[in-house]
Amino acid sequence: MPLQLIRDDITRVRCDAVVNAANNSLLGGGGVDGAIHRAAGPELLAECRTLGGCDTGDAKITRGYKLPAKYVIHTVGPVWYGGKNGEEELLRSCYRRSLALAKEYNCESVAFPLISAGVYGYPKDKAISVAEDEITSFLSDNDMLVDIVIFDKSAFRISEKLYGDIAAFIDDKYVSEHEMTDSRRVPEMLSEKIQNPCFRKGAGRSPRPCADLAAAAESLDEALSSLDESFSEMLLRKIDEKG
Ligand code: APR
């Protein structure tokens, strides 16, 4: 079956290339970007630093390093602003450019996440049908095995409604544990910042007693664990909403 939908963590998928839903800097982030960078190791970021970023709708390729996949194809999806700002064309371009790169590098198998369907807010049902449509038209002229890798609960429910049962290699517990890892990282990052002496003095900031902030990080941890989107995802969404 040249195109299949599966539910899995893309960092575990054995294939020639995994596609990363990156941002224009290509310097990592949360969601699948964070997962791929964590699994691939620091060499991936080092190579990404040499690429000079990536335009929305375009794609660039690096090695996969510690991932099972030989390559990572980094593509930058559009942020969803309601669908009247060329979002669909940009999303289609992500799939076309990524598949063209996979073909150029003689990949026989590729795995895609649902580009833009997380932090970037693209409606999941629309994102799934754009992915399926672009990959299907590519496969009408090319031989390749392509997986669309579904991860979160809502995307899984939507894809089952659209396409019937799909093979699931992870469950909701796995997803919430791994999304939790993402959000748990924020208090760590916060407490790292708190330990940072220059932050204590706070250039231009009235220095606050660090104990306060450490306590804030603790209570933030509880607050975060009850969020249905991780703090980093909420932060990225706010940044994108502010343009
Ligand atoms: N494996 C497969 N899919 C995953 C994984 C994973 N390990 N983790 C998340 N996903 C899914 C999400 O559930 C969502 O359906 O990938 C899809 C895309 O979500 P995001 O990773 O948030 O990507 P996107 O919406 O394109 O936003 C990109 O988020 O992480 C930052 O640096 C990234 O700024 C960029 C923005």
# chains A, B, ... in the order shown; residues from 1 in each chain; ligands from 1
call {"tool": "closest_atom_pairs", "arguments": {"of": "chain A", "to": "ligand 1", "cutoff": "6 Å", "atoms": "only C-alpha atoms and all ligand atoms", "output": "Markdown table"}}
result
| residue | atom | partner | partner_atom_place_in_ligand_line | distance |
| --- | --- | --- | --- | --- |
| A:Asp9 | CA | ligand 1 | 1 (N) | 3.7 |
| A:Ile10 | CA | ligand 1 | 1 (N) | 3.8 |
| A:Thr11 | CA | ligand 1 | 7 (N) | 5.9 |
| A:Ala21 | CA | ligand 1 | 26 (O) | 4.5 |
| A:Ala22 | CA | ligand 1 | 33 (C) | 4.6 |
| A:Asn23 | CA | ligand 1 | 35 (C) | 4.2 |
| A:Gly28 | CA | ligand 1 | 32 (O) | 5.1 |
| A:Gly29 | CA | ligand 1 | 32 (O) | 3.5 |
| A:Gly30 | CA | ligand 1 | 30 (O) | 3.4 |
| A:Gly31 | CA | ligand 1 | 21 (O) | 3.4 |
| A:Val32 | CA | ligand 1 | 8 (N) | 3.7 |
| A:Asp33 | CA | ligand 1 | 30 (O) | 4.8 |
| A:Gly34 | CA | ligand 1 | 30 (O) | 5.9 |
| A:Ala35 | CA | ligand 1 | 7 (N) | 5.3 |
| A:Gly77 | CA | ligand 1 | 26 (O) | 5.4 |
| A:Pro113 | CA | ligand 1 | 3 (N) | 4.7 |
| A:Leu114 | CA | ligand 1 | 17 (C) | 4.4 |
| A:Ile115 | CA | ligand 1 | 26 (O) | 4.4 |
| A:Ser116 | CA | ligand 1 | 26 (O) | 3.1 |
| A:Ala117 | CA | ligand 1 | 25 (O) | 4.3 |
| A:Gly118 | CA | ligand 1 | 25 (O) | 3.2 |
| A:Val119 | CA | ligand 1 | 22 (O) | 3.8 |
| A:Tyr120 | CA | ligand 1 | 25 (O) | 3.9 |
| A:Gly121 | CA | ligand 1 | 25 (O) | 5.9 |
| A:Val149 | CA | ligand 1 | 2 (C) | 5.6 |
| A:Ile150 | CA | ligand 1 | 3 (N) | 5.7 |
| A:Phe151 | CA | ligand 1 | 3 (N) | 4.5 |
| A:Asp152 | CA | ligand 1 | 13 (O) | 4.3 |
call {"tool": "residues_around", "arguments": {"residues": "region 89-106 of chain A", "least_positions_apart": "4", "cutoff": "6 Å", "atoms": "only C-alpha atoms", "output": "CSV table (one decimal) with all heavy atoms, in the first residue's frame"}}
result
chain,number,residue,atom,x,y,z
A,57,GLY,N,6.6,26.9,3.2
A,57,GLY,CA,6.2,26.2,1.9
A,57,GLY,C,7.4,25.5,1.3
A,57,GLY,O,7.2,24.7,0.3
A,58,ASP,N,8.6,25.8,1.7
A,58,ASP,CA,9.8,25.2,1.1
A,58,ASP,C,10.2,24.1,2.1
A,58,ASP,O,9.7,23.8,3.1
A,58,ASP,CB,10.9,26.3,1.0
A,58,ASP,CG,12.0,25.8,0.0
A,58,ASP,OD1,11.8,24.7,-0.5
A,58,ASP,OD2,12.9,26.5,-0.2
A,59,ALA,N,11.3,23.3,1.6
A,59,ALA,CA,11.8,22.2,2.4
A,59,ALA,C,13.3,22.1,2.2
A,59,ALA,O,13.8,22.5,1.2
A,59,ALA,CB,11.1,20.9,2.0
A,75,THR,N,10.4,21.0,6.7
A,75,THR,CA,9.5,21.9,5.9
A,75,THR,C,8.8,22.8,6.8
A,75,THR,O,8.6,22.5,8.0
A,75,THR,CB,8.6,21.1,5.0
A,75,THR,OG1,7.9,21.9,4.1
A,75,THR,CG2,7.5,20.3,5.9
A,77,GLY,N,5.4,24.8,7.5
A,77,GLY,CA,4.0,25.0,7.1
A,77,GLY,C,3.5,26.4,7.4
A,77,GLY,O,4.2,27.1,8.1
call {"tool": "closest_residue", "arguments": {"among": "A:Val130, A:Ala167, A:Ala69, A:Val110", "to": "Ile36 (chain A)", "atoms": "only C-alpha atoms"}}
result
A:Ala69
call {"tool": "select_by_dssp", "arguments": {"residues": "region 25-81 of chain A", "states": "strand (DSSP E)", "output": "list of chain:residue names"}}
result
A:Ala59, A:Lys60, A:Ile61, A:Thr62, A:Arg63, A:Tyr71, A:Val72, A:Ile73, A:His74, A:Thr75, A:Val76
